[in-house]
>>> print(open('run-v7.pdb').read())   # PDB, C-alpha atoms, pLDDT in the B column
ATOM      1  CA  MET A   1     -23.282  43.441  16.117  1.00 37.00           C
ATOM      2  CA  GLY A   2     -26.706  42.671  14.708  1.00 38.00           C
ATOM      3  CA  ARG A   3     -28.869  39.922  16.055  1.00 38.00           C
ATOM      4  CA  GLY A   4     -28.768  37.902  12.816  1.00 38.00           C
ATOM      5  CA  HIS A   5     -24.968  37.915  12.825  1.00 37.00           C
ATOM      6  CA  ALA A   6     -24.808  36.819  16.450  1.00 37.00           C
ATOM      7  CA  GLU A   7     -27.091  33.871  15.810  1.00 36.00           C
ATOM      8  CA  SER A   8     -24.868  32.663  12.950  1.00 36.00           C
ATOM      9  CA  VAL A   9     -21.971  32.053  15.329  1.00 37.00           C
ATOM     10  CA  PRO A  10     -22.026  28.388  16.396  1.00 41.00           C
ATOM     11  CA  ALA A  11     -22.205  27.715  20.102  1.00 49.00           C
ATOM     12  CA  GLY A  12     -19.429  25.808  21.815  1.00 60.00           C
ATOM     13  CA  PRO A  13     -19.858  22.295  23.189  1.00 78.00           C
ATOM     14  CA  LEU A  14     -21.891  21.775  26.348  1.00 86.00           C
ATOM     15  CA  ARG A  15     -20.194  19.744  29.063  1.00 88.00           C
ATOM     16  CA  THR A  16     -22.821  17.437  30.513  1.00 91.00           C
ATOM     17  CA  GLU A  17     -23.158  13.834  31.698  1.00 93.00           C
ATOM     18  CA  TYR A  18     -25.106  10.642  31.228  1.00 95.00           C
ATOM     19  CA  ARG A  19     -26.338   8.831  34.339  1.00 94.00           C
ATOM     20  CA  ASN A  20     -27.667   5.335  34.855  1.00 93.00           C
ATOM     21  CA  GLY A  21     -27.865   4.387  38.516  1.00 92.00           C
ATOM     22  CA  ALA A  22     -24.389   4.693  40.032  1.00 92.00           C
ATOM     23  CA  LEU A  23     -22.836   5.041  36.565  1.00 93.00           C
ATOM     24  CA  THR A  24     -21.880   8.524  35.354  1.00 94.00           C
ATOM     25  CA  ILE A  25     -20.311   9.245  31.954  1.00 94.00           C
ATOM     26  CA  PRO A  26     -19.297  12.888  31.331  1.00 93.00           C
ATOM     27  CA  PHE A  27     -19.410  13.975  27.701  1.00 93.00           C
ATOM     28  CA  ASP A  28     -19.243  17.019  25.433  1.00 92.00           C
ATOM     29  CA  LEU A  29     -22.441  17.715  23.529  1.00 93.00           C
ATOM     30  CA  HIS A  30     -22.006  19.531  20.222  1.00 90.00           C
ATOM     31  CA  ARG A  31     -25.094  20.911  18.483  1.00 90.00           C
ATOM     32  CA  THR A  32     -24.553  20.951  14.724  1.00 86.00           C
ATOM     33  CA  SER A  33     -26.406  20.931  11.407  1.00 85.00           C
ATOM     34  CA  ARG A  34     -26.072  17.145  11.069  1.00 85.00           C
ATOM     35  CA  ARG A  35     -29.227  15.045  10.771  1.00 88.00           C
ATOM     36  CA  THR A  36     -28.424  12.225  13.187  1.00 92.00           C
ATOM     37  CA  ILE A  37     -26.920  11.814  16.645  1.00 94.00           C
ATOM     38  CA  GLY A  38     -23.364  10.476  16.685  1.00 92.00           C
ATOM     39  CA  ILE A  39     -21.170   9.297  19.547  1.00 93.00           C
ATOM     40  CA  SER A  40     -17.370   9.146  19.377  1.00 90.00           C
ATOM     41  CA  ILE A  41     -14.740   8.150  21.946  1.00 87.00           C
ATOM     42  CA  HIS A  42     -11.341   9.838  21.865  1.00 81.00           C
ATOM     43  CA  PRO A  43      -7.851   9.286  23.350  1.00 75.00           C
ATOM     44  CA  GLY A  44      -7.932   9.606  27.099  1.00 78.00           C
ATOM     45  CA  GLY A  45     -11.430   8.098  27.119  1.00 85.00           C
ATOM     46  CA  HIS A  46     -13.221  11.360  26.384  1.00 86.00           C
ATOM     47  CA  VAL A  47     -16.735  11.089  24.982  1.00 91.00           C
ATOM     48  CA  ARG A  48     -18.178  13.463  22.405  1.00 91.00           C
ATOM     49  CA  VAL A  49     -21.733  13.525  21.135  1.00 93.00           C
ATOM     50  CA  ARG A  50     -22.816  15.458  18.048  1.00 91.00           C
ATOM     51  CA  ALA A  51     -26.525  15.998  17.643  1.00 92.00           C
ATOM     52  CA  PRO A  52     -28.866  18.029  15.432  1.00 93.00           C
ATOM     53  CA  ARG A  53     -29.949  21.317  16.922  1.00 90.00           C
ATOM     54  CA  SER A  54     -33.515  20.027  16.820  1.00 92.00           C
ATOM     55  CA  ALA A  55     -32.747  16.832  18.791  1.00 93.00           C
ATOM     56  CA  SER A  56     -34.084  16.756  22.343  1.00 94.00           C
ATOM     57  CA  ASP A  57     -31.890  16.036  25.350  1.00 94.00           C
ATOM     58  CA  ALA A  58     -34.060  12.976  25.992  1.00 95.00           C
ATOM     59  CA  SER A  59     -33.227  11.524  22.564  1.00 95.00           C
ATOM     60  CA  VAL A  60     -29.515  12.069  23.204  1.00 95.00           C
ATOM     61  CA  MET A  61     -29.708  10.277  26.546  1.00 96.00           C
ATOM     62  CA  ALA A  62     -31.759   7.458  25.007  1.00 96.00           C
ATOM     63  CA  LEU A  63     -28.995   6.798  22.465  1.00 95.00           C
ATOM     64  CA  MET A  64     -26.387   6.931  25.221  1.00 95.00           C
ATOM     65  CA  ARG A  65     -28.349   4.264  27.098  1.00 96.00           C
ATOM     66  CA  ARG A  66     -28.590   2.006  24.017  1.00 95.00           C
ATOM     67  CA  LYS A  67     -24.865   2.390  23.357  1.00 95.00           C
ATOM     68  CA  GLU A  68     -23.821   2.240  27.008  1.00 96.00           C
ATOM     69  CA  ALA A  69     -21.954  -1.081  26.818  1.00 95.00           C
ATOM     70  CA  TRP A  70     -20.096  -0.010  23.659  1.00 94.00           C
ATOM     71  CA  ILE A  71     -19.205   3.382  25.182  1.00 94.00           C
ATOM     72  CA  LEU A  72     -17.767   1.793  28.324  1.00 94.00           C
ATOM     73  CA  ARG A  73     -15.752  -0.702  26.275  1.00 91.00           C
ATOM     74  CA  LYS A  74     -14.263   2.010  24.062  1.00 90.00           C
ATOM     75  CA  ILE A  75     -13.480   4.218  27.064  1.00 89.00           C
ATOM     76  CA  ASP A  76     -11.463   1.350  28.562  1.00 88.00           C
ATOM     77  CA  GLU A  77      -9.647   0.809  25.267  1.00 83.00           C
ATOM     78  CA  LEU A  78      -8.755   4.460  24.727  1.00 80.00           C
ATOM     79  CA  ARG A  79      -8.121   5.613  28.275  1.00 78.00           C
ATOM     80  CA  ALA A  80      -4.491   4.477  28.073  1.00 70.00           C
ATOM     81  CA  ILE A  81      -3.870   6.399  24.831  1.00 67.00           C
ATOM     82  CA  PRO A  82      -2.633   9.911  25.639  1.00 61.00           C
ATOM     83  CA  GLU A  83      -4.479  12.828  24.166  1.00 60.00           C
ATOM     84  CA  PRO A  84      -2.656  14.475  21.283  1.00 56.00           C
ATOM     85  CA  CYS A  85      -1.244  17.786  22.366  1.00 54.00           C
ATOM     86  CA  ALA A  86       0.113  20.737  20.467  1.00 56.00           C
ATOM     87  CA  ARG A  87       3.901  20.425  20.267  1.00 65.00           C
ATOM     88  CA  GLU A  88       6.262  23.327  19.777  1.00 75.00           C
ATOM     89  CA  TRP A  89       8.410  22.040  16.937  1.00 80.00           C
ATOM     90  CA  THR A  90      11.688  23.788  17.741  1.00 83.00           C
ATOM     91  CA  ASP A  91      15.269  22.908  18.546  1.00 84.00           C
ATOM     92  CA  GLY A  92      15.557  21.139  21.908  1.00 86.00           C
ATOM     93  CA  ILE A  93      12.146  19.455  22.054  1.00 85.00           C
ATOM     94  CA  THR A  94      12.055  15.892  23.341  1.00 88.00           C
ATOM     95  CA  LEU A  95      10.513  12.833  21.707  1.00 85.00           C
ATOM     96  CA  PRO A  96       9.719   9.403  23.202  1.00 87.00           C
ATOM     97  CA  LEU A  97      11.320   6.364  21.587  1.00 88.00           C
ATOM     98  CA  LEU A  98      10.967   2.798  22.891  1.00 87.00           C
ATOM     99  CA  GLY A  99      10.640   3.985  26.478  1.00 84.00           C
ATOM    100  CA  SER A 100      13.539   6.441  26.361  1.00 88.00           C
ATOM    101  CA  THR A 101      13.729  10.109  25.376  1.00 89.00           C
ATOM    102  CA  LEU A 102      15.479  11.791  22.470  1.00 89.00           C
ATOM    103  CA  THR A 103      16.359  15.479  22.345  1.00 91.00           C
ATOM    104  CA  VAL A 104      16.008  17.062  18.918  1.00 89.00           C
ATOM    105  CA  ASP A 105      19.136  18.863  17.735  1.00 89.00           C
ATOM    106  CA  VAL A 106      18.442  21.034  14.684  1.00 87.00           C
ATOM    107  CA  CYS A 107      21.325  22.112  12.477  1.00 83.00           C
ATOM    108  CA  PRO A 108      21.663  23.403   8.890  1.00 80.00           C
ATOM    109  CA  ARG A 109      21.848  20.707   6.261  1.00 70.00           C
ATOM    110  CA  GLY A 110      25.412  19.756   5.420  1.00 60.00           C
ATOM    111  CA  THR A 111      26.861  20.496   8.862  1.00 57.00           C
ATOM    112  CA  ARG A 112      27.714  17.986  11.610  1.00 55.00           C
ATOM    113  CA  ALA A 113      26.440  15.149   9.425  1.00 51.00           C
ATOM    114  CA  ARG A 114      27.905  11.652   9.711  1.00 58.00           C
ATOM    115  CA  ASN A 115      26.044  10.737   6.517  1.00 57.00           C
ATOM    116  CA  PRO A 116      25.378  13.716   4.192  1.00 53.00           C
ATOM    117  CA  ASP A 117      22.521  11.838   2.508  1.00 56.00           C
ATOM    118  CA  ARG A 118      20.498  11.539   5.704  1.00 71.00           C
ATOM    119  CA  ARG A 119      18.203  14.314   6.838  1.00 82.00           C
ATOM    120  CA  VAL A 120      17.723  12.796  10.292  1.00 89.00           C
ATOM    121  CA  GLU A 121      20.331  10.873  12.312  1.00 88.00           C
ATOM    122  CA  ILE A 122      19.920   9.189  15.677  1.00 89.00           C
ATOM    123  CA  GLY A 123      22.645   9.232  18.309  1.00 86.00           C
ATOM    124  CA  PRO A 124      22.899   8.563  22.045  1.00 88.00           C
ATOM    125  CA  GLY A 125      19.905  10.452  23.438  1.00 89.00           C
ATOM    126  CA  THR A 126      19.808  12.742  20.401  1.00 91.00           C
ATOM    127  CA  LEU A 127      17.899  13.029  17.170  1.00 90.00           C
ATOM    128  CA  ARG A 128      19.877  15.314  14.879  1.00 89.00           C
ATOM    129  CA  VAL A 129      17.759  16.955  12.181  1.00 88.00           C
ATOM    130  CA  HIS A 130      19.510  18.511   9.188  1.00 86.00           C
ATOM    131  CA  ALA A 131      17.031  21.112   8.017  1.00 81.00           C
ATOM    132  CA  PRO A 132      17.340  23.263   4.896  1.00 74.00           C
ATOM    133  CA  ALA A 133      18.204  26.930   5.358  1.00 65.00           C
ATOM    134  CA  ARG A 134      16.622  28.360   2.247  1.00 61.00           C
ATOM    135  CA  GLY A 135      17.311  31.969   1.481  1.00 59.00           C
ATOM    136  CA  GLY A 136      19.383  32.273   4.629  1.00 59.00           C
ATOM    137  CA  ALA A 137      16.283  31.855   6.803  1.00 64.00           C
ATOM    138  CA  TRP A 138      17.029  30.197  10.138  1.00 64.00           C
ATOM    139  CA  PRO A 139      15.758  28.501  12.205  1.00 70.00           C
ATOM    140  CA  PRO A 140      13.525  26.378   9.962  1.00 76.00           C
ATOM    141  CA  ARG A 141       9.782  26.717  10.116  1.00 78.00           C
ATOM    142  CA  PRO A 142       8.073  24.476  12.696  1.00 82.00           C
ATOM    143  CA  ALA A 143       6.127  22.784   9.862  1.00 81.00           C
ATOM    144  CA  THR A 144       9.410  21.851   8.137  1.00 81.00           C
ATOM    145  CA  LEU A 145      10.865  20.379  11.310  1.00 85.00           C
ATOM    146  CA  HIS A 146       7.611  18.507  12.011  1.00 85.00           C
ATOM    147  CA  ARG A 147       7.594  16.961   8.522  1.00 87.00           C
ATOM    148  CA  LEU A 148      11.219  15.799   8.741  1.00 88.00           C
ATOM    149  CA  VAL A 149      10.756  14.220  12.171  1.00 88.00           C
ATOM    150  CA  ALA A 150       7.379  12.667  11.298  1.00 87.00           C
ATOM    151  CA  ASP A 151       8.831  11.045   8.151  1.00 90.00           C
ATOM    152  CA  TRP A 152      11.744   9.633  10.151  1.00 90.00           C
ATOM    153  CA  TYR A 153       9.450   8.409  12.940  1.00 88.00           C
ATOM    154  CA  ARG A 154       7.203   6.604  10.453  1.00 90.00           C
ATOM    155  CA  ASP A 155      10.155   4.926   8.713  1.00 92.00           C
ATOM    156  CA  ARG A 156      11.640   3.937  12.070  1.00 92.00           C
ATOM    157  CA  ALA A 157       8.326   2.474  13.225  1.00 91.00           C
ATOM    158  CA  LEU A 158       8.017   0.373  10.071  1.00 91.00           C
ATOM    159  CA  SER A 159      11.553  -0.953  10.528  1.00 92.00           C
ATOM    160  CA  VAL A 160      11.098  -1.790  14.232  1.00 92.00           C
ATOM    161  CA  PHE A 161       7.672  -3.378  13.797  1.00 90.00           C
ATOM    162  CA  SER A 162       8.800  -5.418  10.785  1.00 89.00           C
ATOM    163  CA  HIS A 163      11.722  -6.794  12.794  1.00 89.00           C
ATOM    164  CA  ARG A 164       9.487  -7.708  15.727  1.00 86.00           C
ATOM    165  CA  MET A 165       7.027  -9.472  13.444  1.00 83.00           C
ATOM    166  CA  ALA A 166       9.890 -11.496  11.973  1.00 83.00           C
ATOM    167  CA  VAL A 167      10.961 -12.509  15.483  1.00 84.00           C
ATOM    168  CA  LEU A 168       7.415 -13.492  16.428  1.00 80.00           C
ATOM    169  CA  ARG A 169       7.072 -15.686  13.339  1.00 78.00           C
ATOM    170  CA  ARG A 170       9.868 -17.885  14.698  1.00 81.00           C
ATOM    171  CA  ASN A 171       7.455 -19.019  17.388  1.00 79.00           C
ATOM    172  CA  PRO A 172       6.090 -22.385  16.149  1.00 76.00           C
ATOM    173  CA  VAL A 173       2.542 -21.544  17.238  1.00 73.00           C
ATOM    174  CA  ILE A 174       2.507 -18.230  15.425  1.00 70.00           C
ATOM    175  CA  HIS A 175       4.342 -19.647  12.414  1.00 67.00           C
ATOM    176  CA  GLY A 176       1.624 -22.267  12.057  1.00 65.00           C
ATOM    177  CA  LEU A 177      -0.963 -19.539  11.523  1.00 66.00           C
ATOM    178  CA  GLY A 178       0.540 -18.742   8.140  1.00 66.00           C
ATOM    179  CA  GLN A 179       2.258 -15.715   6.741  1.00 67.00           C
ATOM    180  CA  PRO A 180       0.727 -12.316   7.540  1.00 65.00           C
ATOM    181  CA  GLY A 181      -0.074  -9.858   4.805  1.00 71.00           C
ATOM    182  CA  THR A 182       1.497  -6.467   4.337  1.00 83.00           C
ATOM    183  CA  LEU A 183       2.427  -4.309   7.314  1.00 86.00           C
ATOM    184  CA  ALA A 184       1.670  -0.590   7.283  1.00 88.00           C
ATOM    185  CA  VAL A 185       2.143   2.096   9.906  1.00 88.00           C
ATOM    186  CA  GLN A 186       0.216   5.282  10.437  1.00 84.00           C
ATOM    187  CA  ARG A 187      -0.711   7.629  13.240  1.00 81.00           C
ATOM    188  CA  MET A 188      -4.059   6.593  14.693  1.00 78.00           C
ATOM    189  CA  ARG A 189      -6.131   8.640  17.093  1.00 70.00           C
ATOM    190  CA  ARG A 190      -8.343   5.905  18.508  1.00 68.00           C
ATOM    191  CA  ARG A 191      -6.550   2.545  18.437  1.00 78.00           C
ATOM    192  CA  TRP A 192      -3.153   0.888  18.585  1.00 84.00           C
ATOM    193  CA  GLY A 193      -3.670  -1.108  15.412  1.00 85.00           C
ATOM    194  CA  SER A 194      -5.970  -3.004  13.073  1.00 83.00           C
ATOM    195  CA  CYS A 195      -5.924  -6.491  11.525  1.00 80.00           C
ATOM    196  CA  PHE A 196      -7.859  -7.263   8.357  1.00 79.00           C
ATOM    197  CA  CYS A 197      -9.354 -10.476   6.979  1.00 78.00           C
ATOM    198  CA  ASP A 198      -6.842 -10.589   4.137  1.00 76.00           C
ATOM    199  CA  GLY A 199      -3.933 -10.598   6.609  1.00 76.00           C
ATOM    200  CA  ARG A 200      -2.999  -6.916   6.372  1.00 82.00           C
ATOM    201  CA  ILE A 201      -1.819  -5.350   9.625  1.00 86.00           C
ATOM    202  CA  HIS A 202      -1.849  -1.625  10.367  1.00 87.00           C
ATOM    203  CA  LEU A 203      -0.057  -0.392  13.497  1.00 89.00           C
ATOM    204  CA  ASN A 204      -0.080   2.983  15.222  1.00 88.00           C
ATOM    205  CA  THR A 205       3.264   4.800  14.974  1.00 88.00           C
ATOM    206  CA  GLU A 206       2.709   5.969  18.569  1.00 85.00           C
ATOM    207  CA  LEU A 207       3.570   2.414  19.669  1.00 87.00           C
ATOM    208  CA  LEU A 208       7.177   3.376  18.943  1.00 87.00           C
ATOM    209  CA  ALA A 209       7.095   5.528  22.083  1.00 85.00           C
ATOM    210  CA  GLU A 210       6.354   2.556  24.361  1.00 81.00           C
ATOM    211  CA  PRO A 211       9.074   0.611  26.254  1.00 79.00           C
ATOM    212  CA  VAL A 212      10.476  -2.508  24.596  1.00 67.00           C
TER     213      VAL A 212
END
>>> encode(input="run-v7.pdb", output="structure tokens")
Amino acid sequence: MGRGHAESVPAGPLRTEYRNGALTIPFDLHRTSRRTIGISIHPGGHVRVRAPRSASDASVMALMRRKEAWILRKIDELRAIPEPCAREWTDGITLPLLGSTLTVDVCPRGTRARNPDRRVEIGPGTLRVHAPARGGAWPPRPATLHRLVADWYRDRALSVFSHRMAVLRRNPVIHGLGQPGTLAVQRMRRRWGSCFCDGRIHLNTELLAEPV
């Protein structure tokens, strides 16, 4: 391998830490082609810093010091959010739902279905997924199973959260605040939800995993 080719391979992140007195914040430092230094906080409270290759370590630490209060606040907010992990989307995997656990039961579409029109059905401790067996191929591809479950999970989250908002609006104090705007659900990596000035509310579908 020639020297020029070796230098074109980007280096991996450097695990280092920021210190200020008794305070220590570990972080991953990524050297990239970007022009500015950026700090991001991720689920689990992990800190990542991306900096230009030309930026000095001193300039990175100076930004960490200026953003110290914000970094600590975001770490506290995101520490409780589990890190996303690679899931093997196959028959028999388990999924969290409102503090309990569902086991995914995959079967060909049209078999063992209480309602033939439903691709996913929930039962006691079970989430039955009716996946297509195109061309006789079985089991279904992990991406197919992931899509079917993710669509169901999103629809379920919207239904559960909408119901809970309706219950909360019966509270006289909350009712006096006026009607909220539209509710939307989506998977978020860094927060449980967002509220906008126009009344819109966005909630993280991962909240559906938490106990009632």
>>> residues_around(input="run-v7.pdb", residues="Tyr18 of chain A", least_positions_apart="2", cutoff="8 Å", atoms="all atoms listed in the file", output="JSON list (two decimals) with C-alpha atoms, in the frame of the given file")
[["chain", "number", "residue", "atom", "x", "y", "z"],
["A", 16, "THR", "CA", -22.82, 17.44, 30.51],
["A", 20, "ASN", "CA", -27.67, 5.34, 34.85],
["A", 24, "THR", "CA", -21.88, 8.52, 35.35],
["A", 25, "ILE", "CA", -20.31, 9.24, 31.95],
["A", 26, "PRO", "CA", -19.30, 12.89, 31.33],
["A", 27, "PHE", "CA", -19.41, 13.98, 27.70],
["A", 61, "MET", "CA", -29.71, 10.28, 26.55],
["A", 64, "MET", "CA", -26.39, 6.93, 25.22]]
>>> closest_residue(input="run-v7.pdb", among="A:His130, A:Arg50, A:Arg154, A:His42", to="Leu97 of chain A", atoms="all atoms listed in the file")
A:Arg154
>>> resolve_selection(input="run-v7.pdb", expression="the PyMOL selection byres ((chain A and resi 31) around 7)", output="number ranges by chain")
A: 29-30, 32, 50-53
>>> closest_residue(input="run-v7.pdb", among="A:Leu78, A:Val47, A:Leu127, A:Val60", to="Thr101 of chain A", atoms="all atoms listed in the file")
A:Leu127
>>> closest_residue(input="run-v7.pdb", among="A:Gly38, A:Pro13, A:Pro43, A:Pro96", to="Leu208 of chain A", atoms="all atoms listed in the file")
A:Pro96
>>> closest_residue(input="run-v7.pdb", among="A:Ile75, A:Gly45, A:Ala55, A:Phe161", to="Ser33 of chain A", atoms="only C-alpha atoms")
A:Ala55
>>> closest_residue(input="run-v7.pdb", among="A:Ile37, A:Arg156, A:Pro108, A:Arg187", to="Ala62 of chain A", atoms="all atoms listed in the file")
A:Ile37
>>> residues_around(input="run-v7.pdb", residues="Ala150 of chain A", least_positions_apart="6", cutoff="12 Å", atoms="all atoms listed in the file", output="list in words")
Trp89, Leu95, Arg119, Val120, Val129, Pro142, Ala143, Thr144, Arg156, Ala157, Val185, Gln186, Arg187, Thr205 and Glu206 of chain A
>>> atom_distance(input="run-v7.pdb", atom1="atom CA of Ile122 of chain A", atom2="atom CA of Arg191 of chain A")
27.4 Å
>>> residues_around(input="run-v7.pdb", residues="Gly123 of chain A", least_positions_apart="2", cutoff="12 Å", atoms="only C-alpha atoms", output="JSON, numbers by chain")
{"A": [101, 102, 103, 104, 105, 113, 114, 120, 121, 125, 126, 127, 128, 129]}
>>> atom_distance(input="run-v7.pdb", atom1="atom CA of Ile201 of chain A", atom2="atom CA of Val173 of chain A")
18.4 Å
>>> closest_residue(input="run-v7.pdb", among="A:Asn171, A:Ser162, A:Thr182, A:Thr90", to="His146 of chain A", atoms="all atoms listed in the file")
A:Thr90
>>> atom_distance(input="run-v7.pdb", atom1="atom CA of Ala58 of chain A", atom2="atom CA of Glu17 of chain A")
12.3 Å
>>> resolve_selection(input="run-v7.pdb", expression="the PyMOL selection byres ((chain A and resi 198) around 10)", output="NGL selection string")
:A and (180-182 or 195-197 or 199-201)
